[in-house]
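Taking it in order: structure first as structure tokens, then the write-up.
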Amino acid sequence: MKRKIAALTLSLVMAGSLAACGGSDSKSGSEPALSSSEAEKDLDYEYGEDTTFHSEEPVTYSMMFSDHENYPLKKDWRLWSYIKEKANVDFDLTTVARTDYNDKVTAAVNSGSAPYIIPKIYDSKAFEDSGQVVAVSDWVQYMPNFQKQVKEWGMEDELKQTYASDGKYYRLPGMWEDVAGGYSFIIRKDVFEAAGVDLNKEATWTWEDFYDALKKVQDYTGRENVWSDQYQFGCAMNIAANVYGVKAGNSTDGGDWGLQDGMKFDFDKDEFYFADTTEDYKDFLSYFNKLYSEGIIDPETFTQDSQQAQAKFFRGDSYVLSANYQLLSDIISGNKMQVENADLYFLTTPSGPKGNLKVSSAVGRLENGIMISKSALEDLGEKDFIKMLRFIDWLWYSDEGHELSQWGVEGETYTKDADGNITLNSDIYYNGFNPGAAKQLNVDYGFGGGVFAYGGKKQIQLSKFTEGEKEWNERINANKENQKLQPPVLSDEEQKEELNLIKVPLMDYVNISALEFITGKKSLDTDWDAYVKECESKGSTKYAEKVNEIYKDTKDLLK
């Protein structure tokens with residue numbers, strides 16, 4: 001039996017609004033040629049909004065797979081067999097270690113050998129001019145669940161963040177109905193309170209309040225280096241940068257947390273500027289220099305890897321650690337603390353000179369997403385290519401798909417009450433639920449993994465939170481406001497290359513100098529002017545001018 005999309009009319013109406021503008025000069029040359037009526041003829045599969053995708057004939061799609069070391073791939077995962085049962089689809093996987101994934105994707109795309117489906121992509125910019133990935137915005141009219149999310153959740157502005165210079169997008173992003181927390185700081189609550197810190201007021205702390213608390217801990221413990229952090233301090237710097245109005249945060253084992261190209265957007269002037277030579281940036285560095293010079297921050301923070309930082313925290317040698325809530329859950333459930341009666345607490349991110357801002361809102365509600373290789377269209381032909389897109393639409397964008405990828409199979413791994421609230425089976429551990437359970441949802445079943453489990457409606461998002469994480473998000477939402485999304489810079493291939501030639505040496509210098517200012521190797525009193533001049537000589541002013549030129553030339557694509 002074949003079922004056509006229930007919302008076909010809606011699809012056709014929305015096609016123009018969801019597919020970004022841009023003419024027939026698509027970099028991938030991949031615009032649909034089939035008419036809408038031809039695309040609906042003689043379908044051998046069921047699909048639709050809130051409808052389970054099912055192919056009458058078995059289908060196999062090739063896909064890249066980011067293999068996480070904490071829950072390595074197993075061929076007998078229930079995830080695979082259930083997708084086969086429901087959709088009649090198998091995967092031909094190209095499995096790559098998580099730590100090598102980005103490099104392997106780049107090599108596969110550039111060589112034209114990439115599998116059809118390329119998930120776990122955070123940014124498609126490096127691939128948009130290759131001609132090897134499809135401009136998916138030309139095809140979203142065939143994806144009813146994707147369209148439903150965009151329309152009902154008002155995702156249009158977020159989607160603009162993914163546009164290329166031709167006004168199209170080449171990545172299907174994961175989308176959340178609402179913004180959740182993100183990263184903050186795990187602290188030793190028992191030590192902070194023993195030091196006289198009042199944590200009842202921490203939801204309104206500024207960074208200066210955090211400093212005062214750290215000083216009390218230092219005085220109480222008699223120790224220096226009470227904060228020995230992971231990610232070479234990149235995560236912490238990024239969290240603070242958001243509320244200081246600057247760009248910062250880079251590490252060797254955490255990536256580019258927020259440093260990027262140093263550009264901030266002035267909404268009043270409608271232009272970009274280089275933020276990392278401003279007085280705001282000087283104040284930002286001055287704050288962390290104060291913490292370092294007073295012995296609060298461990299000097300090894302800037303060179304140690306994350307495992308070393310965590311080991312210090314577990315031993316009780318430090319009392320603060322940048323993290324997300326999942327790490328906190330894993331620490332508690334795994335009994336990793338080696339200090340008797342250690343009590344852990346997840347702080348609300350401090351506010352700063354630019355306000356009490358929600359750090360995670362800087363990236364909106366988008367998640368990593370999926371690119372589709374050009375070979376998928378060439379090998380399958382338009383009609384079967386659309387079929388594959390509709391399978392993706394079901395698995396990654398329908399409520400049923402979100403529930404499957406996040407929690408597994410109802411009655412096997414979880415139960416659900418009349419209100420749709422999900423309860424994980426008591427013998428399965430996941431993300432802080434059921435500590436000590438014999439099985440793990442991601443390790444033993446394949447559900448809850450990063451290749452599939454991202455995005456969804458608010459109820460799905462909340463279902464992943466333990467009571468502690470819900471309480472933390474409530475603190476965030478009750479006390480903080482969303483940041484405005486900066487407009488994207490829609491540079492073409494030649495412009496990207498030109499900007500990159502400036503950006504790489506400039507931001508390397510900015511990143512190195514930041515650590516030198518924080519650790520006192522450079523003085524903010526005597527070396528600051530020389531730093532600003534060196535940034536200018538390396539192209540900071542020229543870079544900002546070029547970015548604004550591109551922005552003004554492409555603004556119409558963002559309307």
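Convention: chains lettered A, B, ... in structure tokens order; per-chain residue numbering from 1; ligands numbered from 1 as shown.
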
As number ranges by chain, list the residues of segment 345-481 of chain A assigned to strand (DSSP E) by DSSP on the backbone atoms of this structure.
A: 345-346, 366-372, 414-416, 422-424, 428-429, 439-440

Please return as JSON, numbers by chain: the residues of segment 15-170 of chain A that backbone DSSP assigns to alpha helix (DSSP H).
{"A": [15, 16, 17, 18, 36, 37, 38, 39, 78, 79, 80, 81, 82, 83, 84, 85, 86, 87, 101, 102, 103, 104, 105, 106, 107, 108, 109, 110, 111, 144, 145, 146, 147, 148, 149, 150, 151, 152, 153, 156, 157, 158, 159, 160]}

Residue selection dump (N, CA and C atoms) as a compact mmCIF listing (two decimals), in the first residue's frame:
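And here's part_0.txt as it stands now:
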# COMPACT_ATOMS: atom_id res chain seq x y z
N ALA A 15 7.44 25.43 -0.21
CA ALA A 15 8.69 25.16 -0.90
C ALA A 15 9.48 26.42 -1.17
N GLY A 16 8.80 27.45 -1.61
CA GLY A 16 9.50 28.69 -1.94
C GLY A 16 10.03 29.39 -0.73
N SER A 17 9.33 29.30 0.39
CA SER A 17 9.76 30.04 1.57
C SER A 17 10.88 29.33 2.31
N LEU A 18 10.91 27.99 2.28
CA LEU A 18 11.93 27.27 3.02
C LEU A 18 13.19 27.07 2.20
N SER A 36 6.22 18.48 -9.43
CA SER A 36 5.65 17.99 -8.17
C SER A 36 4.77 16.77 -8.40
N SER A 37 3.99 16.79 -9.48
CA SER A 37 3.11 15.66 -9.75
C SER A 37 3.91 14.43 -10.14
N GLU A 38 5.00 14.62 -10.89
CA GLU A 38 5.83 13.48 -11.28
C GLU A 38 6.50 12.85 -10.07
N ALA A 39 6.86 13.68 -9.11
CA ALA A 39 7.53 13.17 -7.91
C ALA A 39 6.60 12.31 -7.06
N ARG A 78 20.05 -2.73 18.69
CA ARG A 78 18.61 -2.74 18.39
C ARG A 78 18.25 -1.58 17.47
N LEU A 79 19.01 -0.52 17.51
CA LEU A 79 18.79 0.61 16.62
C LEU A 79 18.70 0.16 15.16
N TRP A 80 19.67 -0.65 14.73
CA TRP A 80 19.70 -1.06 13.32
C TRP A 80 18.52 -1.96 12.97
N SER A 81 18.25 -2.95 13.82
CA SER A 81 17.17 -3.90 13.49
C SER A 81 15.81 -3.23 13.51
N TYR A 82 15.63 -2.25 14.40
CA TYR A 82 14.32 -1.59 14.46
C TYR A 82 14.10 -0.70 13.25
N ILE A 83 15.12 0.01 12.82
CA ILE A 83 14.99 0.82 11.60
C ILE A 83 14.66 -0.09 10.42
N LYS A 84 15.29 -1.25 10.38
CA LYS A 84 14.99 -2.22 9.31
C LYS A 84 13.54 -2.68 9.38
N GLU A 85 13.06 -2.98 10.57
CA GLU A 85 11.68 -3.44 10.74
C GLU A 85 10.67 -2.37 10.32
N LYS A 86 10.91 -1.15 10.76
CA LYS A 86 9.93 -0.09 10.51
C LYS A 86 10.02 0.48 9.10
N ALA A 87 11.23 0.75 8.64
CA ALA A 87 11.41 1.48 7.38
C ALA A 87 11.84 0.59 6.23
N TYR A 101 36.89 12.20 12.69
CA TYR A 101 35.72 12.29 11.82
C TYR A 101 35.78 13.48 10.87
N ASN A 102 36.06 14.65 11.38
CA ASN A 102 36.07 15.84 10.52
C ASN A 102 37.08 15.72 9.40
N ASP A 103 38.28 15.22 9.72
CA ASP A 103 39.31 15.06 8.70
C ASP A 103 38.90 14.04 7.64
N LYS A 104 38.28 12.95 8.07
CA LYS A 104 37.87 11.91 7.13
C LYS A 104 36.72 12.38 6.24
N VAL A 105 35.81 13.17 6.82
CA VAL A 105 34.72 13.73 6.02
C VAL A 105 35.29 14.65 4.95
N THR A 106 36.22 15.50 5.34
CA THR A 106 36.84 16.42 4.39
C THR A 106 37.51 15.66 3.24
N ALA A 107 38.25 14.63 3.59
CA ALA A 107 38.95 13.85 2.56
C ALA A 107 37.96 13.16 1.64
N ALA A 108 36.88 12.58 2.20
CA ALA A 108 35.91 11.87 1.39
C ALA A 108 35.15 12.80 0.46
N VAL A 109 34.74 13.96 0.98
CA VAL A 109 34.01 14.92 0.15
C VAL A 109 34.89 15.45 -0.96
N ASN A 110 36.10 15.85 -0.62
CA ASN A 110 37.00 16.44 -1.61
C ASN A 110 37.39 15.46 -2.71
N SER A 111 37.41 14.17 -2.36
CA SER A 111 37.77 13.16 -3.36
C SER A 111 36.56 12.67 -4.16
N PRO A 144 8.27 16.72 4.62
CA PRO A 144 7.15 17.33 5.36
C PRO A 144 7.41 17.54 6.84
N ASN A 145 8.15 16.63 7.48
CA ASN A 145 8.40 16.81 8.91
C ASN A 145 9.39 17.93 9.17
N PHE A 146 10.38 18.04 8.31
CA PHE A 146 11.32 19.16 8.39
C PHE A 146 10.58 20.48 8.25
N GLN A 147 9.72 20.54 7.25
CA GLN A 147 8.96 21.77 7.02
C GLN A 147 8.05 22.11 8.20
N LYS A 148 7.45 21.09 8.75
CA LYS A 148 6.56 21.30 9.89
C LYS A 148 7.32 21.93 11.06
N GLN A 149 8.52 21.43 11.33
CA GLN A 149 9.31 21.99 12.42
C GLN A 149 9.66 23.45 12.15
N VAL A 150 10.10 23.74 10.93
CA VAL A 150 10.48 25.11 10.60
C VAL A 150 9.30 26.05 10.80
N LYS A 151 8.15 25.65 10.32
CA LYS A 151 6.97 26.52 10.39
C LYS A 151 6.46 26.67 11.82
N GLU A 152 6.25 25.55 12.51
CA GLU A 152 5.63 25.60 13.84
C GLU A 152 6.58 26.19 14.89
N TRP A 153 7.87 25.99 14.72
CA TRP A 153 8.82 26.49 15.72
C TRP A 153 9.45 27.81 15.31
N GLU A 156 12.98 30.09 10.84
CA GLU A 156 13.49 30.75 9.63
C GLU A 156 14.78 31.54 9.87
N ASP A 157 14.83 32.30 10.97
CA ASP A 157 16.04 33.09 11.25
C ASP A 157 17.23 32.19 11.54
N GLU A 158 16.99 31.10 12.26
CA GLU A 158 18.09 30.18 12.54
C GLU A 158 18.61 29.56 11.25
N LEU A 159 17.71 29.20 10.34
CA LEU A 159 18.16 28.61 9.08
C LEU A 159 19.05 29.56 8.28
N LYS A 160 18.79 30.85 8.40
CA LYS A 160 19.63 31.82 7.69
C LYS A 160 21.09 31.73 8.14

For Glu69 of chain A, work out the shell of residues within 10 Å, counting only C-alpha atoms and skipping chain neighbours fewer than 5 positions away, then give it as a PyMOL selection string.
chain A and resi 97-99+443

To one decimal place, how far is atom CA of Phe91 of chain A from atom CA of Thr51 of chain A in Å?
20.9 Å

Would you kindly return, as a compact mmCIF listing (two decimals) with all heavy atoms, in the first residue's frame, each protein, DNA or RNA residue with an atom no farther than 10 Å from any atom of segment 547-558 of chain A, considering only C-alpha atoms and excluding same-chain residues fewer than 5 positions away?
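Resulting contents of around-v3.txt:
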# COMPACT_ATOMS: atom_id res chain seq x y z
N ALA A 20 16.01 28.46 0.35
CA ALA A 20 16.55 29.82 0.31
C ALA A 20 16.63 30.31 -1.12
O ALA A 20 16.71 29.54 -2.06
CB ALA A 20 17.94 29.83 0.95
N CYS A 21 16.59 31.64 -1.27
CA CYS A 21 16.65 32.18 -2.61
C CYS A 21 18.00 31.92 -3.22
O CYS A 21 18.92 31.48 -2.58
CB CYS A 21 16.35 33.68 -2.58
SG CYS A 21 17.30 34.59 -1.37
N GLY A 22 18.15 32.24 -4.48
CA GLY A 22 19.35 31.91 -5.22
C GLY A 22 18.93 31.30 -6.53
O GLY A 22 18.00 30.51 -6.57
N GLU A 156 12.98 30.09 10.84
CA GLU A 156 13.49 30.75 9.63
C GLU A 156 14.78 31.54 9.87
O GLU A 156 15.72 31.47 9.07
CB GLU A 156 12.42 31.67 9.03
CG GLU A 156 11.23 30.94 8.43
CD GLU A 156 10.16 30.57 9.46
OE1 GLU A 156 10.36 30.87 10.67
OE2 GLU A 156 9.14 29.99 9.07
N ASP A 157 14.83 32.30 10.97
CA ASP A 157 16.04 33.09 11.25
C ASP A 157 17.23 32.19 11.54
O ASP A 157 18.37 32.49 11.14
CB ASP A 157 15.80 34.05 12.41
CG ASP A 157 14.94 35.24 12.01
OD1 ASP A 157 14.82 35.50 10.80
OD2 ASP A 157 14.39 35.90 12.92
N LEU A 159 17.71 29.20 10.34
CA LEU A 159 18.16 28.61 9.08
C LEU A 159 19.05 29.56 8.28
O LEU A 159 19.95 29.13 7.57
CB LEU A 159 16.96 28.18 8.23
CG LEU A 159 16.30 26.85 8.60
CD1 LEU A 159 15.11 26.58 7.69
CD2 LEU A 159 17.29 25.70 8.52
N LYS A 160 18.79 30.85 8.40
CA LYS A 160 19.63 31.82 7.69
C LYS A 160 21.09 31.73 8.14
O LYS A 160 21.99 32.10 7.39
CB LYS A 160 19.10 33.23 7.91
CG LYS A 160 17.76 33.49 7.20
CD LYS A 160 17.22 34.88 7.55
CE LYS A 160 15.85 35.09 6.91
NZ LYS A 160 15.25 36.39 7.29
N GLN A 161 21.30 31.26 9.36
CA GLN A 161 22.67 31.10 9.85
C GLN A 161 23.45 30.08 9.03
O GLN A 161 24.69 30.06 9.07
CB GLN A 161 22.66 30.66 11.32
CG GLN A 161 22.01 31.65 12.27
CD GLN A 161 22.84 32.90 12.45
OE1 GLN A 161 24.04 32.82 12.67
NE2 GLN A 161 22.20 34.05 12.35
N TYR A 163 23.14 29.69 5.64
CA TYR A 163 23.18 30.04 4.22
C TYR A 163 24.62 30.11 3.70
O TYR A 163 25.53 30.57 4.38
CB TYR A 163 22.52 31.40 3.98
CG TYR A 163 21.02 31.42 3.97
CD1 TYR A 163 20.28 30.32 4.39
CD2 TYR A 163 20.33 32.56 3.56
CE1 TYR A 163 18.90 30.36 4.39
CE2 TYR A 163 18.95 32.61 3.56
CZ TYR A 163 18.23 31.51 3.98
OH TYR A 163 16.87 31.55 3.98
N ALA A 164 24.77 29.72 2.43
CA ALA A 164 26.01 29.93 1.70
C ALA A 164 25.88 31.22 0.90
O ALA A 164 24.85 31.91 0.93
CB ALA A 164 26.28 28.75 0.78
N SER A 165 26.91 31.56 0.14
CA SER A 165 26.92 32.83 -0.59
C SER A 165 25.86 32.89 -1.68
O SER A 165 25.51 33.98 -2.14
CB SER A 165 28.30 33.07 -1.21
OG SER A 165 28.61 32.05 -2.14
N ASP A 166 25.35 31.73 -2.10
CA ASP A 166 24.30 31.72 -3.11
C ASP A 166 22.91 31.78 -2.49
O ASP A 166 21.91 31.65 -3.19
CB ASP A 166 24.42 30.48 -4.01
CG ASP A 166 24.39 29.17 -3.22
OD1 ASP A 166 24.24 29.22 -1.99
OD2 ASP A 166 24.54 28.11 -3.85
N GLY A 167 22.85 31.97 -1.15
CA GLY A 167 21.56 32.07 -0.48
C GLY A 167 20.88 30.73 -0.28
O GLY A 167 19.69 30.67 0.02
N LYS A 168 21.64 29.65 -0.44
CA LYS A 168 21.09 28.31 -0.21
C LYS A 168 21.81 27.69 0.99
O LYS A 168 22.82 28.21 1.45
CB LYS A 168 21.30 27.44 -1.45
CG LYS A 168 20.60 27.98 -2.69
CD LYS A 168 20.75 27.03 -3.87
CE LYS A 168 20.02 27.62 -5.10
NZ LYS A 168 20.01 26.68 -6.24
N MET A 263 34.91 38.35 15.11
CA MET A 263 33.91 39.31 14.66
C MET A 263 32.68 39.33 15.58
O MET A 263 32.11 38.30 15.90
CB MET A 263 33.44 38.97 13.25
CG MET A 263 34.43 39.23 12.13
SD MET A 263 34.66 40.99 11.78
CE MET A 263 36.24 41.25 12.55
N PHE A 265 28.87 41.69 16.01
CA PHE A 265 27.98 42.53 15.19
C PHE A 265 27.38 43.63 16.05
O PHE A 265 26.85 43.36 17.14
CB PHE A 265 26.88 41.69 14.57
CG PHE A 265 26.07 42.41 13.54
CD1 PHE A 265 26.60 42.68 12.28
CD2 PHE A 265 24.78 42.86 13.83
CE1 PHE A 265 25.86 43.34 11.32
CE2 PHE A 265 24.03 43.52 12.87
CZ PHE A 265 24.57 43.78 11.62
N ASP A 270 24.58 48.37 12.43
CA ASP A 270 24.37 47.42 11.35
C ASP A 270 25.68 47.07 10.66
O ASP A 270 25.79 47.08 9.43
CB ASP A 270 23.36 47.97 10.33
CG ASP A 270 22.87 46.89 9.35
OD1 ASP A 270 22.77 45.73 9.76
OD2 ASP A 270 22.61 47.24 8.18
N GLU A 271 26.68 46.73 11.47
CA GLU A 271 27.98 46.38 10.90
C GLU A 271 28.77 45.49 11.86
O GLU A 271 28.52 45.48 13.07
CB GLU A 271 28.78 47.62 10.57
CG GLU A 271 29.18 48.45 11.78
CD GLU A 271 29.98 49.70 11.40
OE1 GLU A 271 29.89 50.11 10.23
OE2 GLU A 271 30.67 50.25 12.28
N PHE A 272 29.73 44.78 11.30
CA PHE A 272 30.62 43.94 12.09
C PHE A 272 31.85 44.75 12.54
O PHE A 272 32.22 45.74 11.90
CB PHE A 272 31.09 42.75 11.26
CG PHE A 272 30.04 41.70 11.04
CD1 PHE A 272 29.19 41.77 9.94
CD2 PHE A 272 29.90 40.64 11.91
CE1 PHE A 272 28.22 40.80 9.73
CE2 PHE A 272 28.94 39.66 11.71
CZ PHE A 272 28.09 39.75 10.61
N TYR A 273 32.47 44.30 13.61
CA TYR A 273 33.72 44.91 14.06
C TYR A 273 34.58 43.83 14.70
O TYR A 273 34.08 42.77 15.14
CB TYR A 273 33.47 46.04 15.06
CG TYR A 273 32.80 45.62 16.35
CD1 TYR A 273 33.57 45.35 17.50
CD2 TYR A 273 31.42 45.50 16.44
CE1 TYR A 273 32.96 44.97 18.68
CE2 TYR A 273 30.80 45.10 17.62
CZ TYR A 273 31.58 44.83 18.73
OH TYR A 273 30.99 44.44 19.90
N PRO A 487 24.00 38.12 12.16
CA PRO A 487 23.75 37.69 10.78
C PRO A 487 24.95 36.92 10.25
O PRO A 487 26.09 37.20 10.63
CB PRO A 487 23.55 39.01 10.02
CG PRO A 487 24.23 40.05 10.86
CD PRO A 487 24.10 39.59 12.27
N PRO A 488 24.72 35.95 9.38
CA PRO A 488 25.84 35.22 8.79
C PRO A 488 26.56 36.05 7.74
O PRO A 488 25.99 36.99 7.18
CB PRO A 488 25.16 34.00 8.17
CG PRO A 488 23.80 34.49 7.81
CD PRO A 488 23.42 35.46 8.90
N VAL A 489 27.79 35.70 7.47
CA VAL A 489 28.58 36.34 6.41
C VAL A 489 28.62 35.38 5.23
O VAL A 489 29.24 34.33 5.30
CB VAL A 489 30.00 36.68 6.89
CG1 VAL A 489 30.80 37.31 5.77
CG2 VAL A 489 29.94 37.60 8.11
N LEU A 490 27.95 35.74 4.15
CA LEU A 490 27.76 34.83 3.02
C LEU A 490 28.88 35.01 1.99
O LEU A 490 28.67 35.52 0.89
CB LEU A 490 26.39 35.07 2.38
CG LEU A 490 25.19 35.07 3.34
CD1 LEU A 490 23.89 35.20 2.57
CD2 LEU A 490 25.18 33.81 4.20
N SER A 491 30.06 34.55 2.35
CA SER A 491 31.21 34.70 1.46
C SER A 491 31.27 33.56 0.45
O SER A 491 30.92 32.42 0.76
CB SER A 491 32.50 34.73 2.28
OG SER A 491 32.56 33.64 3.19
N ASP A 492 31.72 33.89 -0.76
CA ASP A 492 31.89 32.85 -1.77
C ASP A 492 33.28 32.23 -1.63
O ASP A 492 34.05 32.58 -0.73
CB ASP A 492 31.64 33.41 -3.17
CG ASP A 492 32.61 34.51 -3.57
OD1 ASP A 492 33.74 34.56 -3.03
OD2 ASP A 492 32.25 35.35 -4.42
N GLN A 495 36.18 34.69 -1.72
CA GLN A 495 36.17 35.54 -0.52
C GLN A 495 36.59 34.76 0.72
O GLN A 495 37.32 35.28 1.58
CB GLN A 495 34.79 36.14 -0.34
CG GLN A 495 34.42 37.16 -1.41
CD GLN A 495 32.93 37.46 -1.45
OE1 GLN A 495 32.10 36.64 -1.03
NE2 GLN A 495 32.57 38.63 -1.96
N LYS A 496 36.15 33.51 0.82
CA LYS A 496 36.55 32.68 1.95
C LYS A 496 38.06 32.51 1.98
O LYS A 496 38.69 32.58 3.05
CB LYS A 496 35.89 31.30 1.85
CG LYS A 496 34.42 31.26 2.21
CD LYS A 496 33.88 29.86 1.97
CE LYS A 496 32.38 29.84 2.09
NZ LYS A 496 31.81 28.55 1.66
N LEU A 499 39.64 35.77 3.08
CA LEU A 499 39.46 35.99 4.51
C LEU A 499 40.31 35.02 5.32
O LEU A 499 40.88 35.39 6.36
CB LEU A 499 37.99 35.83 4.87
CG LEU A 499 37.04 36.93 4.40
CD1 LEU A 499 35.59 36.55 4.68
CD2 LEU A 499 37.36 38.26 5.08
N THR A 541 41.79 45.08 10.85
CA THR A 541 40.95 46.14 10.26
C THR A 541 40.53 45.76 8.85
O THR A 541 39.36 45.91 8.47
CB THR A 541 41.72 47.47 10.24
OG1 THR A 541 42.09 47.82 11.58
CG2 THR A 541 40.84 48.58 9.66
N LYS A 542 41.46 45.26 8.06
CA LYS A 542 41.15 44.84 6.70
C LYS A 542 40.12 43.73 6.69
O LYS A 542 39.21 43.71 5.85
CB LYS A 542 42.43 44.38 6.00
CG LYS A 542 42.24 43.94 4.56
CD LYS A 542 43.56 43.48 3.95
CE LYS A 542 43.34 42.99 2.52
NZ LYS A 542 44.62 42.50 1.93

Who sits within 10 Å of segment 481-483 of chain A, only C-alpha atoms, same chain under 3 positions skipped, as a ChimeraX atom specification:
/A:179,242-243,355-364,476-478,486

Store the residues of this selection in a file with N, CA, C and O atoms, as a PDB file, in the first residue's frame.
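To be explicit, this is the file written out as result-v7.pdb:
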ATOM      1  N   VAL A 179      15.547  26.586  23.364  1.00  0.00           N
ATOM      2  CA  VAL A 179      16.965  26.635  23.724  1.00  0.00           C
ATOM      3  C   VAL A 179      17.140  26.047  25.115  1.00  0.00           C
ATOM      4  O   VAL A 179      16.424  26.413  26.042  1.00  0.00           O
ATOM      5  N   ASN A 242      30.908  35.571  25.979  1.00  0.00           N
ATOM      6  CA  ASN A 242      29.544  35.911  25.571  1.00  0.00           C
ATOM      7  C   ASN A 242      28.998  37.104  26.326  1.00  0.00           C
ATOM      8  O   ASN A 242      28.252  37.908  25.758  1.00  0.00           O
ATOM      9  N   VAL A 243      29.323  37.230  27.613  1.00  0.00           N
ATOM     10  CA  VAL A 243      28.762  38.311  28.420  1.00  0.00           C
ATOM     11  C   VAL A 243      29.727  39.484  28.574  1.00  0.00           C
ATOM     12  O   VAL A 243      29.389  40.497  29.182  1.00  0.00           O
ATOM     13  N   GLY A 355      25.383  41.938  30.147  1.00  0.00           N
ATOM     14  CA  GLY A 355      24.080  41.480  30.618  1.00  0.00           C
ATOM     15  C   GLY A 355      24.090  40.051  31.124  1.00  0.00           C
ATOM     16  O   GLY A 355      25.111  39.360  31.111  1.00  0.00           O
ATOM     17  N   ASN A 356      22.931  39.629  31.577  1.00  0.00           N
ATOM     18  CA  ASN A 356      22.744  38.277  32.113  1.00  0.00           C
ATOM     19  C   ASN A 356      22.225  37.402  30.973  1.00  0.00           C
ATOM     20  O   ASN A 356      21.040  37.100  30.880  1.00  0.00           O
ATOM     21  N   LEU A 357      23.135  37.023  30.096  1.00  0.00           N
ATOM     22  CA  LEU A 357      22.765  36.385  28.838  1.00  0.00           C
ATOM     23  C   LEU A 357      22.855  34.867  28.926  1.00  0.00           C
ATOM     24  O   LEU A 357      23.721  34.310  29.603  1.00  0.00           O
ATOM     25  N   LYS A 358      21.973  34.211  28.186  1.00  0.00           N
ATOM     26  CA  LYS A 358      21.977  32.759  28.070  1.00  0.00           C
ATOM     27  C   LYS A 358      23.058  32.376  27.057  1.00  0.00           C
ATOM     28  O   LYS A 358      22.941  32.663  25.866  1.00  0.00           O
ATOM     29  N   VAL A 359      24.106  31.740  27.521  1.00  0.00           N
ATOM     30  CA  VAL A 359      25.262  31.455  26.662  1.00  0.00           C
ATOM     31  C   VAL A 359      24.878  30.601  25.469  1.00  0.00           C
ATOM     32  O   VAL A 359      25.284  30.856  24.333  1.00  0.00           O
ATOM     33  N   SER A 360      24.064  29.560  25.690  1.00  0.00           N
ATOM     34  CA  SER A 360      23.740  28.629  24.609  1.00  0.00           C
ATOM     35  C   SER A 360      22.927  29.281  23.506  1.00  0.00           C
ATOM     36  O   SER A 360      22.900  28.788  22.374  1.00  0.00           O
ATOM     37  N   SER A 361      22.264  30.404  23.789  1.00  0.00           N
ATOM     38  CA  SER A 361      21.430  31.045  22.761  1.00  0.00           C
ATOM     39  C   SER A 361      22.261  31.714  21.687  1.00  0.00           C
ATOM     40  O   SER A 361      21.728  32.141  20.658  1.00  0.00           O
ATOM     41  N   ALA A 362      23.587  31.792  21.887  1.00  0.00           N
ATOM     42  CA  ALA A 362      24.450  32.400  20.874  1.00  0.00           C
ATOM     43  C   ALA A 362      24.424  31.605  19.574  1.00  0.00           C
ATOM     44  O   ALA A 362      24.686  32.135  18.505  1.00  0.00           O
ATOM     45  N   VAL A 363      24.119  30.327  19.660  1.00  0.00           N
ATOM     46  CA  VAL A 363      24.026  29.497  18.451  1.00  0.00           C
ATOM     47  C   VAL A 363      22.578  29.164  18.114  1.00  0.00           C
ATOM     48  O   VAL A 363      22.313  28.331  17.249  1.00  0.00           O
ATOM     49  N   GLY A 364      21.644  29.817  18.795  1.00  0.00           N
ATOM     50  CA  GLY A 364      20.240  29.584  18.497  1.00  0.00           C
ATOM     51  C   GLY A 364      19.796  28.190  18.877  1.00  0.00           C
ATOM     52  O   GLY A 364      20.279  27.604  19.837  1.00  0.00           O
ATOM     53  N   ILE A 476      18.524  28.759  34.642  1.00  0.00           N
ATOM     54  CA  ILE A 476      18.989  29.503  33.467  1.00  0.00           C
ATOM     55  C   ILE A 476      17.844  30.331  32.880  1.00  0.00           C
ATOM     56  O   ILE A 476      17.971  31.542  32.648  1.00  0.00           O
ATOM     57  N   ASN A 477      16.717  29.680  32.617  1.00  0.00           N
ATOM     58  CA  ASN A 477      15.603  30.350  31.946  1.00  0.00           C
ATOM     59  C   ASN A 477      14.960  31.438  32.794  1.00  0.00           C
ATOM     60  O   ASN A 477      14.461  32.439  32.263  1.00  0.00           O
ATOM     61  N   ALA A 478      14.974  31.274  34.098  1.00  0.00           N
ATOM     62  CA  ALA A 478      14.338  32.253  34.979  1.00  0.00           C
ATOM     63  C   ALA A 478      15.175  33.510  35.159  1.00  0.00           C
ATOM     64  O   ALA A 478      14.642  34.565  35.517  1.00  0.00           O
ATOM     65  N   GLN A 486      23.760  36.841  15.490  1.00  0.00           N
ATOM     66  CA  GLN A 486      24.473  37.652  14.511  1.00  0.00           C
ATOM     67  C   GLN A 486      24.086  37.199  13.104  1.00  0.00           C
ATOM     68  O   GLN A 486      23.887  36.005  12.868  1.00  0.00           O
TER      69      GLN A 486
END

Identify, on the basis of only C-alpha atoms, every residue whose closest approach to Ala236 of chain A does not exceed 10 Å; exclude the query and any residue fewer than 2 positions from it along the same chain; express the result as JSON, numbers by chain.
{"A": [183, 184, 185, 229, 230, 231, 232, 233, 234, 238, 239, 240, 241, 248, 249, 250, 257, 321, 322, 323, 349]}
